[in-house]
Amino acid sequence: MLYEKKISSFPQLISELDIIDLDAGVRAVGKYKAKKCFVFVTRSAKGFTSILCSMKRAGKESIPDKRLLAKEFETIQELEKFLAEVVAKPVVASEY
């Protein structure tokens, strides 16, 4: 069974990422170079990894397409600064 927790604000997004388990992740809608994208964030023993992927339509759903960017962050503060630039407002995100 797949569990997703909806996240609807930027402070909630950062709070969830600060306590996220190593086997969990977050997916948010974002914008990179004026294009809508998915922003994926996972945690590792060394910090956080964020991958941005373009979107494509598959019927009524948007699915990840090509990788646009991958970045690693040692601290939640570095990640927060980056996400403030790329996560779309209003925040549409899920923890999985």
# chains A, B, ... in the order shown; residues from 1 in each chain; ligands from 1

$ residues_around --residues "region 13-21 of chain A" --least-positions-apart "2" --cutoff "9 Å" --atoms "only C-alpha atoms" --output "PDB file with C-alpha atoms, in the first residue's frame"
ATOM      1  CA  ILE A   7       1.643  19.081   2.116  1.00  0.00           C
ATOM      2  CA  SER A   8       0.044  22.446   1.413  1.00  0.00           C
ATOM      3  CA  SER A   9       2.415  25.125   2.726  1.00  0.00           C
ATOM      4  CA  PHE A  10       6.104  25.943   2.474  1.00  0.00           C
ATOM      5  CA  PRO A  11       6.694  25.885   6.270  1.00  0.00           C
ATOM      6  CA  ASP A  23      13.374   5.537   2.979  1.00  0.00           C
ATOM      7  CA  ALA A  24      10.858   8.334   2.338  1.00  0.00           C
ATOM      8  CA  GLY A  25      10.704  11.240  -0.077  1.00  0.00           C
ATOM      9  CA  VAL A  26       8.781  14.344  -1.062  1.00  0.00           C
ATOM     10  CA  VAL A  41      13.670  15.385  -2.411  1.00  0.00           C
ATOM     11  CA  THR A  42      15.149  12.446  -0.508  1.00  0.00           C
ATOM     12  CA  ARG A  43      17.350  12.223   2.546  1.00  0.00           C
ATOM     13  CA  SER A  44      20.632  10.360   2.876  1.00  0.00           C
ATOM     14  CA  PHE A  48      19.519  15.769   1.091  1.00  0.00           C
ATOM     15  CA  ILE A  76      18.188  21.719   5.752  1.00  0.00           C
ATOM     16  CA  LEU A  79      17.867  22.907   0.900  1.00  0.00           C
ATOM     17  CA  GLU A  80      15.260  25.415   2.127  1.00  0.00           C
ATOM     18  CA  LEU A  83      13.381  25.071  -2.598  1.00  0.00           C
ATOM     19  CA  VAL A  91       2.555  24.574  -2.574  1.00  0.00           C
ATOM     20  CA  ALA A  93       3.360  18.454  -2.505  1.00  0.00           C
ATOM     21  CA  SER A  94       3.200  14.965  -1.045  1.00  0.00           C
ATOM     22  CA  GLU A  95       5.394  12.944   1.264  1.00  0.00           C
TER      23      GLU A  95
END

$ select_by_dssp --residues "region 14-84 of chain A" --states "alpha helix (DSSP H)" --output "PyMOL selection string"
chain A and resi 14-19+76-84

$ residues_around --residues "region 50-58 of chain A" --least-positions-apart "3" --cutoff "6 Å" --atoms "only C-alpha atoms" --output "list in words"
Cys37, Phe38, Val39, Phe40, Val41, Glu61, Ser62, Ile63, Pro64, Asp65, Lys66, Arg67, Leu68, Leu69, Ala70 and Lys71 of chain A

$ atom_distance --atom1 "CA of Lys5 (chain A)" --atom2 "CA of Lys46 (chain A)"
24.4 Å

$ closest_residue --among "A:Lys6, A:Lys33, A:Arg27, A:Lys60" --to "Glu85 (chain A)" --atoms "only C-alpha atoms"
A:Lys33

$ select_by_dssp --residues "chain A" --states "strand (DSSP E)" --output "VMD selection string"
chain A and resid 5 to 7 25 to 32 35 to 44 47 to 58 61 to 73 93 to 95

$ decode --residues "region 3-59 of chain A" --atoms "C-alpha atoms" --output "PDB file, in the first residue's frame"
ATOM      1  CA  TYR A   3       0.953   6.139   1.669  1.00  0.00           C
ATOM      2  CA  GLU A   4       1.047   9.803   0.695  1.00  0.00           C
ATOM      3  CA  LYS A   5       0.709  12.724   3.070  1.00  0.00           C
ATOM      4  CA  LYS A   6      -0.426  15.965   1.449  1.00  0.00           C
ATOM      5  CA  ILE A   7       1.643  19.081   2.116  1.00  0.00           C
ATOM      6  CA  SER A   8       0.044  22.446   1.413  1.00  0.00           C
ATOM      7  CA  SER A   9       2.415  25.125   2.726  1.00  0.00           C
ATOM      8  CA  PHE A  10       6.104  25.943   2.474  1.00  0.00           C
ATOM      9  CA  PRO A  11       6.694  25.885   6.270  1.00  0.00           C
ATOM     10  CA  GLN A  12       5.004  22.470   6.433  1.00  0.00           C
ATOM     11  CA  LEU A  13       7.202  21.255   3.546  1.00  0.00           C
ATOM     12  CA  ILE A  14      10.410  22.269   5.339  1.00  0.00           C
ATOM     13  CA  SER A  15       9.162  20.821   8.636  1.00  0.00           C
ATOM     14  CA  GLU A  16       8.411  17.456   7.017  1.00  0.00           C
ATOM     15  CA  LEU A  17      11.783  17.392   5.235  1.00  0.00           C
ATOM     16  CA  ASP A  18      13.586  18.112   8.511  1.00  0.00           C
ATOM     17  CA  ILE A  19      12.208  14.881  10.020  1.00  0.00           C
ATOM     18  CA  ILE A  20      11.878  12.699   6.903  1.00  0.00           C
ATOM     19  CA  ASP A  21      13.061   9.076   7.107  1.00  0.00           C
ATOM     20  CA  LEU A  22      15.848   7.742   4.895  1.00  0.00           C
ATOM     21  CA  ASP A  23      13.374   5.537   2.979  1.00  0.00           C
ATOM     22  CA  ALA A  24      10.858   8.334   2.338  1.00  0.00           C
ATOM     23  CA  GLY A  25      10.704  11.240  -0.077  1.00  0.00           C
ATOM     24  CA  VAL A  26       8.781  14.344  -1.062  1.00  0.00           C
ATOM     25  CA  ARG A  27       7.381  15.281  -4.466  1.00  0.00           C
ATOM     26  CA  ALA A  28       6.352  18.870  -5.162  1.00  0.00           C
ATOM     27  CA  VAL A  29       5.296  20.853  -8.188  1.00  0.00           C
ATOM     28  CA  GLY A  30       7.876  23.454  -9.111  1.00  0.00           C
ATOM     29  CA  LYS A  31       9.120  25.802 -11.767  1.00  0.00           C
ATOM     30  CA  TYR A  32      12.615  25.727 -13.269  1.00  0.00           C
ATOM     31  CA  LYS A  33      13.753  27.984 -16.113  1.00  0.00           C
ATOM     32  CA  ALA A  34      10.134  29.110 -16.602  1.00  0.00           C
ATOM     33  CA  LYS A  35       8.902  25.518 -17.079  1.00  0.00           C
ATOM     34  CA  LYS A  36       6.653  23.531 -14.773  1.00  0.00           C
ATOM     35  CA  CYS A  37       8.458  20.561 -13.223  1.00  0.00           C
ATOM     36  CA  PHE A  38       8.454  18.001 -10.444  1.00  0.00           C
ATOM     37  CA  VAL A  39      10.798  18.526  -7.504  1.00  0.00           C
ATOM     38  CA  PHE A  40      11.789  15.299  -5.724  1.00  0.00           C
ATOM     39  CA  VAL A  41      13.670  15.385  -2.411  1.00  0.00           C
ATOM     40  CA  THR A  42      15.149  12.446  -0.508  1.00  0.00           C
ATOM     41  CA  ARG A  43      17.350  12.223   2.546  1.00  0.00           C
ATOM     42  CA  SER A  44      20.632  10.360   2.876  1.00  0.00           C
ATOM     43  CA  ALA A  45      23.195   9.938   5.632  1.00  0.00           C
ATOM     44  CA  LYS A  46      25.099  12.882   4.088  1.00  0.00           C
ATOM     45  CA  GLY A  47      22.159  15.290   3.784  1.00  0.00           C
ATOM     46  CA  PHE A  48      19.519  15.769   1.091  1.00  0.00           C
ATOM     47  CA  THR A  49      19.249  15.206  -2.662  1.00  0.00           C
ATOM     48  CA  SER A  50      16.875  17.127  -4.902  1.00  0.00           C
ATOM     49  CA  ILE A  51      16.106  16.110  -8.469  1.00  0.00           C
ATOM     50  CA  LEU A  52      14.050  18.282 -10.817  1.00  0.00           C
ATOM     51  CA  CYS A  53      12.260  16.570 -13.716  1.00  0.00           C
ATOM     52  CA  SER A  54      10.222  18.056 -16.518  1.00  0.00           C
ATOM     53  CA  MET A  55       6.566  17.008 -16.741  1.00  0.00           C
ATOM     54  CA  LYS A  56       4.692  15.283 -19.509  1.00  0.00           C
ATOM     55  CA  ARG A  57       1.041  14.384 -19.790  1.00  0.00           C
ATOM     56  CA  ALA A  58      -0.161  10.794 -19.706  1.00  0.00           C
ATOM     57  CA  GLY A  59      -3.896  11.031 -20.098  1.00  0.00           C
TER      58      GLY A  59
END
